[in-house]
2 protein chains.
Amino acid sequence: MESSSNEFGSFLKDAGLIWGPSPEIYGGFAGFYTYGPLGKLLKNKVENSLRKTFNENEIREIEGPTILPDIVWEASGHLKTFNDKVIVCSKCKKKFRPDKLIEEHFDISADSFSNEKLLEFIKENKINCPDCKSKLNEDVSRQSLMIKTFAGGKEASLRPETATGTYLPFLRYYNYFRRKLPFGVFQIGKAYRNEISPRNNVLRGREFTQAEAQIFVDPKEKNNWEKFEEIKEQELPLWNWEEQKENKNVKKVKLKYALENKILKNKAYAWCIYLGYSQLKRMGFPEEKIRLRQHFPEERAFYADDAWDLEIKLENYGWLEVCGIHDRKDYDLKQHSKFSKIDLQVKNEEGEKFYPNILEIAFGVDRLTYSLISIFYEKKEEENGKTTFKIPYNLAPIDLAIFPLMKKPELIEITKKIKKSLEEDYIIEYDKTGSIGKRYLRAAIKGIPLAVTIDFDSIKNKDVTLRDRDSEKQVRIKIKELKKEIEKRLRENSY
Amino acid sequence: MESSSNEFGSFLKDAGLIWGPSPEIYGGFAGFYTYGPLGKLLKNKVENSLRKTFNENEIREIEGPTILPDIVWEASGHLKTFNDKVIVCSKCKKKFRPDKLIEEHFDISADSFSNEKLLEFIKENKINCPDCKSKLNEDVSRQSLMIKTFAGGKEASLRPETATGTYLPFLRYYNYFRRKLPFGVFQIGKAYRNEISPRNNVLRGREFTQAEAQIFVDPKEKNNWEKFEEIKEQELPLWNWEEQKENKNVKKVKLKYALENKILKNKAYAWCIYLGYSQLKRMGFPEEKIRLRQHFPEERAFYADDAWDLEIKLENYGWLEVCGIHDRKDYDLKQHSKFSKIDLQVKNEEGEKFYPNILEIAFGVDRLTYSLISIFYEKKEEENGKTTFKIPYNLAPIDLAIFPLMKKPELIEITKKIKKSLEEDYIIEYDKTGSIGKRYLRAAIKGIPLAVTIDFDSIKNKDVTLRDRDSEKQVRIKIKELKKEIEKRLRENSY
């Protein structure tokens with residue numbers, strides 16, 4: 001259960017999760033945030049979970065520059081077309097995105113609204129400036145989202161997404177993967193957008209982290225996709241654009257049904273959709289809070305053959321896009337062939353040249369991290385129990401707390417020995433101050449799944465007390481069996 | 001043993017380690033590189049090894065913005081003083097760093113040379129433009145290294161180091177760590193410098209990754225450092241500036257001797273030095289290729305009380321700085337108090353206010369990654385054996401290769417099952433094409449420590465062949481014992 005927005009904001013700050021806007025001592029720079037010690041450990045777990053999923057599917061990570069010369073952004077189209085609609089407050093002159101203002105008030109997608117429709121909607125529903133509450137100007141213009149810079153004597157831009165940079169070394173990948181399609185690569189890293197009105201903490205920041213996989217396929221082989229066979233019976237909450245238009249509810253359908261009924265266009269793309277969906281389940285997001293929403297034809301990028309968003313429902317926000325899955329066809333490799341004058345086509349077995357198509361699975365890491373906190377944080381008043389961050393055990397920022405009962409040298413010594421034997425595999429919080437009860441409370445707020453207490457019997461009997469965060473049950477366990485037991489419990493309570 | 005520079009360059013590219021300058025298809029942007037699939041896996045291992053070391057010492061990770069408003073860089077002094085000396089070629093007008101030109105030709109540190117001394121040295125030793133071989137202008141000027149940008153209506157800069165950004169949330173940390181010094185935090189992330197002449201692949205790039213720990217201490221408690229007791233007998237190759245001046249050799253000295261003889265100023269700082277050194281040993285760098293070089297007094301930043309560099313010897317480069325350890329005193333918190341008008345002092349038990357001092361351990365992640373490749377890559381001509389990337393097992397980019405002997409469905413099925421049972425813990429390369437001999441060769445070039453081959457007996461006897469990269473020995477092992485054996489071998493062959 002989630003709590004009010006203010007309480008949640010305090011939790012983010014006090015628990016060391018997310019601070020900002022940063023730098024706070026200088027008054028803050030809108031859209032820039034800092035992950036505190038607990039938040040960063042959680043974000044690392046999120047990134048590593050994504051890494052695991054991609055690597056298991058032989059999609060390999062690469063890391064390219066975050067700054068690229070403007071010729072790249074000219075080729076990709078970003079310099080010309082990567083901009084957002086802006087509406088200005090008549091009084092305080094602050095800028096806002098008209099579509100987002102609408103979406104914040106109503107559970108609809110205003111992405112594809114024309115300027116006229118936006119203005120009409122805003123007028124009819126009397127949406128005012130969220131800051132000074134005055135009337136908004138009746139005019140919609142556009143502003144580029146690119147953040148420009150200059151280095152080594154060249155005009156350049158910070159990447160607004162990892163994707164474009166990932167496409168450029170295509171020929172290098174092609175050799176690395178021994179000249180055989182399909183193959184996939186991904187990047188996890190920063191991207192930058194000069195957002196018009198950064199909002200909602202890290203959900204719409206100016207600097208953010210993406211985890212984007214790009215799968216290069218022969219367009220003729222999109223229905224020759226071995227891995228589809230293993231998942232075709234899986235049921236997914238697919239909400240296509242016709243159903244959205246008719247205000248129909250989301251219902252679960254089998255992937256093979258989705259394919260037969262042309263809800264999804266081909267097996268390769270359906271597999272990408274499944275990969276994204278199963279990742280959210282793996283991270284422990286409750287099934288009823290996940291849906292897959294297809295873009296309206298007019299909402300899609302002009303080069304996209306199909307586009308679906310994975311969305312998570314947050315109490316304080318509504319449905320939030322955490323992943324976009326796109327069939328980008330041959331747009332990118334064609335454009336970069338044209339602008340770089342390097343042929344990025346490959347040959348099939350018949351000797352025909354073609355541009356590989358690109359299927360993209362693009363996660364927002366900050367959004368996933370924030371969603372996990374939002375969904376699993378359980379605030380309680382003191383009389384009703386204790387506040388716990390009920391994050392799934394496998395994603396807990398800190399795996400294990402370890403407490404010597406008292407600050408006696410002999411207890412400290414054995415505690416440090418046990419810590420040392422476990423720290424190769426786990427992130428451990430060593431806490432020696434305060435009553436054991438207080439230390440359990442502190443561990444619960446940080447979401448630490450397991451706590452080990454070392455007392456005087458530990459020295460004699462070579463055993464310790466192991467306490468479980470959620471059941472609150474304590475067992476006495478031999479030190480030599482501790483590692484195995486911890487491993488077992490952290491895996492059992494994962495998704 | 002290292003090979004010639006050209007061969008090494010090809011290895012970096014062909015093995016999927018480091019590509020660039022990026023984007024290659026657009027002719028490359030000097031100082032920007034891409035880690036390919038193998039290189040990125042290796043870089044992740046390096047970062048995770050650093051994370052482990054820091055976390056084990058209760059130094060926690062945070063993640064701040066890479067863009068900060070210019071008020072921050074005014075306070076830190078970067079806007080005014082973060083620049084490098086420049087010398088220009090009289091003919092091609094290219095810019096170079098005079099100190100680096102000297103260091104590339106002679107095994108000395110020219111960091112502290114005056115302009116006159118630089119020009120004199122260049123003239124005497126007839127150092128010319130490395131590109132067009134013409135004479136260099138007899139003039140040394142300065143150029144800022146800051147990369148500027150503009151976002152949200154503010155002048156801002158990309159951070160030239162993670163450190164400054166790490167200091168700003170000091171009060172947040174102070175609360176998180178329950179208002180008790182000492183404590184430490186670290187950042188691993190990108191930093192940007194408009195290098196005058198980017199060189200040597202990722203060793204001096206314009207975009208690079210740092211891993212910098214900052215430890216906040218009470219200046220009065222620098223010699224009250226519990227953890228020093230455990231390490232005081234350790235011997236380190238400490239080369240202080242007097243010895244350098246007198247051209248004495250580096251010799252190993254015990255830390256307690258270094259302290260008694262004032263080679264190191266205090267226990268807390270000595271412990272930081274040890275942490276850096278032991279990290280290099282943990283990563284498997286050979287002892288004889290590591291030294292600790294103290295900065296000359298005139299080489300140190302004006303606020304630094306002491307500064308030592310950890311250096312690694314590379315065949316093709318000479319001694320390379322991979323980590324700097326600095327006592328920054330109260331400079332940073334004082335400056336940011338002054339400019340932000342937020343008091344960053346804390347109180348000791350006697351109620352006296354003071355600025356915590358900062359001890360910094362600053363690793364260059366790209367340099368560590370590159371050094372590991374350079375030191376452990378063993379090129380062999382076909383008649384002399386096989387080319388192997390002899391990276392220590394615990395840092396291997398890919399842990400395990402797994403081969404079905406043939407492409408028969410029954411072999412593929414059991415291979416996939418085994419892969420699935422191991423991929424929770426390991427990065428696995430699944431390779432089903434080519435003769436087993438060829439597959440072993442490919443695995444060796446990638447540095448994969450262990451290879452598992454599944455054959456028809458595997459189905460009958462539930463066992464597989466496990467092959468070791470370095471000993472090249474093969475054993476037959478039961479599938480149910482495989483995981484344990486892999487874990488054991490990967491740990492045994494680590495440092």
# chains A, B, ... in the order shown; residues from 1 in each chain; ligands from 1

$ select_by_dssp --residues "stretch 178-393 of chain A" --states "strand (DSSP E)" --output "ChimeraX atom specification"
/A:183-192,207-217,235-239,251-254,290-294,306-314,318-327,346-347,353-354,357-364,377-378,388-389

$ interface_residues --of "chain B" --to "chain A" --cutoff "6 Å" --atoms "only C-alpha atoms" --output "ChimeraX atom specification"
/B:25-26,34-37,40,60-64,149,151,194,340

$ closest_residue --among "B:Gln279, B:Phe354, B:Asp131, B:Asp366" --to "B:Ala191" --atoms "only C-alpha atoms"
B:Asp366

$ select_by_dssp --residues "stretch 242-487 of chain A" --states "helix (DSSP H, G or I)" --output "ChimeraX atom specification"
/A:242-245,255-260,267-282,287-289,331-340,365-376,382-384,393-395,409-422,436-445,456-461,479-487

$ atom_distance --atom1 "atom CA of A:Glu472" --atom2 "atom CA of A:Ile391"
15.0 Å

$ residues_around --residues "B:Glu212" --least-positions-apart "6" --cutoff "8 Å" --atoms "only C-alpha atoms" --output "list in words"
Thr162, Ala163, Phe186, Gln187, Ile188, Glu360, Ile361, Ala362 and Phe363 of chain B

$ atom_distance --atom1 "atom CA of B:Lys462" --atom2 "atom CA of B:Ala444"
26.0 Å

$ residues_around --residues "stretch 79-93 of chain A" --least-positions-apart "2" --cutoff "7 Å" --atoms "only C-alpha atoms" --output "list in words"
Trp73, Glu74, Gly77, Lys95, Phe96, Arg97, Pro98, Cys129, Cys132, Ser134, Lys135, Leu136, Asn137, Asp139, Val140, Ser141, Arg142, Gln143, Ser144 and Leu145 of chain A

$ write_last_selection --atoms "all heavy atoms" --output "short mmCIF file (atom, residue, chain, number, x, y, z; two decimals), in the first residue's frame"
data_model
loop_
_atom_site.label_atom_id
_atom_site.label_comp_id
_atom_site.auth_asym_id
_atom_site.auth_seq_id
_atom_site.Cartn_x
_atom_site.Cartn_y
_atom_site.Cartn_z
N TRP A 73 23.53 13.24 -35.19
CA TRP A 73 22.17 13.65 -34.81
C TRP A 73 21.42 14.23 -36.00
O TRP A 73 20.19 14.29 -36.00
CB TRP A 73 22.21 14.62 -33.64
CG TRP A 73 22.98 14.04 -32.50
CD1 TRP A 73 24.14 14.51 -31.98
CD2 TRP A 73 22.67 12.83 -31.78
NE1 TRP A 73 24.57 13.68 -30.97
CE2 TRP A 73 23.69 12.65 -30.84
CE3 TRP A 73 21.63 11.90 -31.86
CZ2 TRP A 73 23.71 11.55 -29.96
CZ3 TRP A 73 21.65 10.82 -30.98
CH2 TRP A 73 22.67 10.66 -30.05
N GLU A 74 22.17 14.67 -36.98
CA GLU A 74 21.55 15.10 -38.22
C GLU A 74 21.03 13.85 -38.94
O GLU A 74 19.88 13.81 -39.39
CB GLU A 74 22.60 15.81 -39.07
CG GLU A 74 22.04 16.82 -40.04
CD GLU A 74 23.15 17.33 -40.97
OE1 GLU A 74 24.27 17.61 -40.47
OE2 GLU A 74 22.88 17.42 -42.19
N GLY A 77 18.04 12.28 -37.31
CA GLY A 77 16.84 13.12 -37.34
C GLY A 77 16.60 13.89 -36.06
O GLY A 77 15.69 14.72 -35.99
N LYS A 95 7.43 27.47 -18.61
CA LYS A 95 7.08 26.63 -19.75
C LYS A 95 6.60 25.26 -19.29
O LYS A 95 7.16 24.69 -18.36
CB LYS A 95 8.30 26.43 -20.65
CG LYS A 95 8.77 27.69 -21.36
CD LYS A 95 10.10 27.41 -22.04
CE LYS A 95 10.55 28.59 -22.88
NZ LYS A 95 11.89 28.32 -23.47
N PHE A 96 5.61 24.73 -19.98
CA PHE A 96 5.11 23.40 -19.66
C PHE A 96 4.82 22.62 -20.94
O PHE A 96 4.66 23.22 -22.01
CB PHE A 96 3.82 23.49 -18.82
CG PHE A 96 4.00 24.27 -17.56
CD1 PHE A 96 3.72 25.63 -17.52
CD2 PHE A 96 4.50 23.65 -16.42
CE1 PHE A 96 3.93 26.36 -16.37
CE2 PHE A 96 4.70 24.38 -15.27
CZ PHE A 96 4.41 25.74 -15.22
N ARG A 97 4.74 21.29 -20.78
CA ARG A 97 4.29 20.47 -21.92
C ARG A 97 2.79 20.32 -21.83
O ARG A 97 2.26 19.76 -20.86
CB ARG A 97 4.96 19.10 -21.86
CG ARG A 97 6.36 19.12 -22.43
CD ARG A 97 6.98 17.76 -22.39
NE ARG A 97 6.26 16.78 -23.21
CZ ARG A 97 6.62 15.52 -23.30
NH1 ARG A 97 7.68 15.08 -22.65
NH2 ARG A 97 5.94 14.68 -24.05
N PRO A 98 2.07 20.79 -22.83
CA PRO A 98 0.60 20.75 -22.74
C PRO A 98 0.06 19.32 -22.63
O PRO A 98 -0.89 19.07 -21.89
CB PRO A 98 0.15 21.42 -24.05
CG PRO A 98 1.35 21.39 -24.96
CD PRO A 98 2.53 21.42 -24.07
N CYS A 129 -1.84 27.09 -15.00
CA CYS A 129 -0.43 26.93 -14.65
C CYS A 129 -0.31 26.18 -13.32
O CYS A 129 -0.90 26.62 -12.32
CB CYS A 129 0.24 28.30 -14.53
SG CYS A 129 1.90 28.23 -13.83
N CYS A 132 1.69 28.90 -10.65
CA CYS A 132 1.09 30.13 -10.11
C CYS A 132 -0.42 30.17 -10.33
O CYS A 132 -1.08 31.13 -9.97
CB CYS A 132 1.76 31.36 -10.72
SG CYS A 132 1.19 31.76 -12.38
N SER A 134 -2.24 30.68 -12.80
CA SER A 134 -2.80 31.63 -13.76
C SER A 134 -3.16 30.91 -15.06
O SER A 134 -2.85 29.74 -15.26
CB SER A 134 -1.79 32.73 -14.07
OG SER A 134 -1.40 33.36 -12.88
N LYS A 135 -3.79 31.65 -15.96
CA LYS A 135 -4.18 31.11 -17.26
C LYS A 135 -2.95 30.83 -18.13
O LYS A 135 -1.94 31.53 -18.04
CB LYS A 135 -5.09 32.12 -18.00
CG LYS A 135 -6.55 31.72 -18.01
CD LYS A 135 -7.33 32.60 -18.98
CE LYS A 135 -7.11 32.16 -20.39
NZ LYS A 135 -7.74 32.89 -21.43
N LEU A 136 -3.04 29.82 -18.95
CA LEU A 136 -1.95 29.52 -19.87
C LEU A 136 -2.19 30.24 -21.19
O LEU A 136 -3.34 30.43 -21.60
CB LEU A 136 -1.89 28.00 -20.12
CG LEU A 136 -1.57 27.15 -18.86
CD1 LEU A 136 -2.02 25.71 -19.06
CD2 LEU A 136 -0.08 27.22 -18.54
N ASN A 137 -1.12 30.65 -21.83
CA ASN A 137 -1.25 31.28 -23.15
C ASN A 137 -1.92 30.33 -24.14
O ASN A 137 -1.67 29.13 -24.11
CB ASN A 137 0.13 31.65 -23.70
CG ASN A 137 0.66 32.93 -23.08
OD1 ASN A 137 -0.09 33.71 -22.49
ND2 ASN A 137 1.97 33.13 -23.22
N ASP A 139 -1.37 29.26 -27.00
CA ASP A 139 -0.43 29.06 -28.10
C ASP A 139 0.49 27.88 -27.78
O ASP A 139 1.00 27.78 -26.66
CB ASP A 139 0.42 30.34 -28.27
CG ASP A 139 1.42 30.18 -29.41
OD1 ASP A 139 0.98 29.86 -30.53
OD2 ASP A 139 2.63 30.36 -29.15
N VAL A 140 0.67 27.00 -28.74
CA VAL A 140 1.57 25.86 -28.56
C VAL A 140 2.74 25.98 -29.53
O VAL A 140 2.54 26.11 -30.74
CB VAL A 140 0.83 24.52 -28.79
CG1 VAL A 140 1.82 23.35 -28.81
CG2 VAL A 140 -0.22 24.29 -27.71
N SER A 141 3.98 26.01 -29.01
CA SER A 141 5.16 26.04 -29.90
C SER A 141 6.02 24.80 -29.64
O SER A 141 5.58 23.89 -28.96
CB SER A 141 5.95 27.32 -29.64
OG SER A 141 6.38 27.35 -28.30
N ARG A 142 7.22 24.78 -30.21
CA ARG A 142 8.08 23.60 -30.04
C ARG A 142 9.46 24.00 -29.55
O ARG A 142 9.98 25.05 -29.90
CB ARG A 142 8.20 22.84 -31.37
CG ARG A 142 6.94 22.09 -31.72
CD ARG A 142 7.15 21.09 -32.85
NE ARG A 142 6.02 20.19 -32.94
CZ ARG A 142 5.97 19.00 -32.34
NH1 ARG A 142 6.99 18.58 -31.61
NH2 ARG A 142 4.91 18.23 -32.46
N GLN A 143 10.09 23.13 -28.73
CA GLN A 143 11.44 23.40 -28.22
C GLN A 143 12.28 22.14 -28.31
O GLN A 143 11.84 21.06 -27.94
CB GLN A 143 11.35 23.88 -26.77
CG GLN A 143 12.71 24.27 -26.20
CD GLN A 143 12.60 24.73 -24.75
OE1 GLN A 143 11.88 25.68 -24.42
NE2 GLN A 143 13.34 24.07 -23.88
N SER A 144 13.52 22.31 -28.82
CA SER A 144 14.39 21.14 -28.97
C SER A 144 14.77 20.58 -27.60
O SER A 144 14.96 21.31 -26.64
CB SER A 144 15.67 21.53 -29.71
OG SER A 144 16.59 20.46 -29.65
N LEU A 145 14.89 19.26 -27.53
CA LEU A 145 15.27 18.60 -26.28
C LEU A 145 16.76 18.29 -26.23
O LEU A 145 17.26 17.78 -25.24
CB LEU A 145 14.48 17.31 -26.12
CG LEU A 145 12.96 17.46 -26.08
CD1 LEU A 145 12.30 16.11 -25.89
CD2 LEU A 145 12.55 18.39 -24.96
#

$ residues_around --residues "B:Asn357" --least-positions-apart "4" --cutoff "9 Å" --atoms "only C-alpha atoms" --output "VMD selection string"
chain B and resid 215 to 219 327 to 333

$ atom_distance --atom1 "atom CA of A:Lys379" --atom2 "atom CA of A:Asn6"
11.8 Å

$ closest_residue --among "B:Ser76, B:Lys180, B:Phe11, B:Asp470" --to "B:Glu349" --atoms "only C-alpha atoms"
B:Lys180
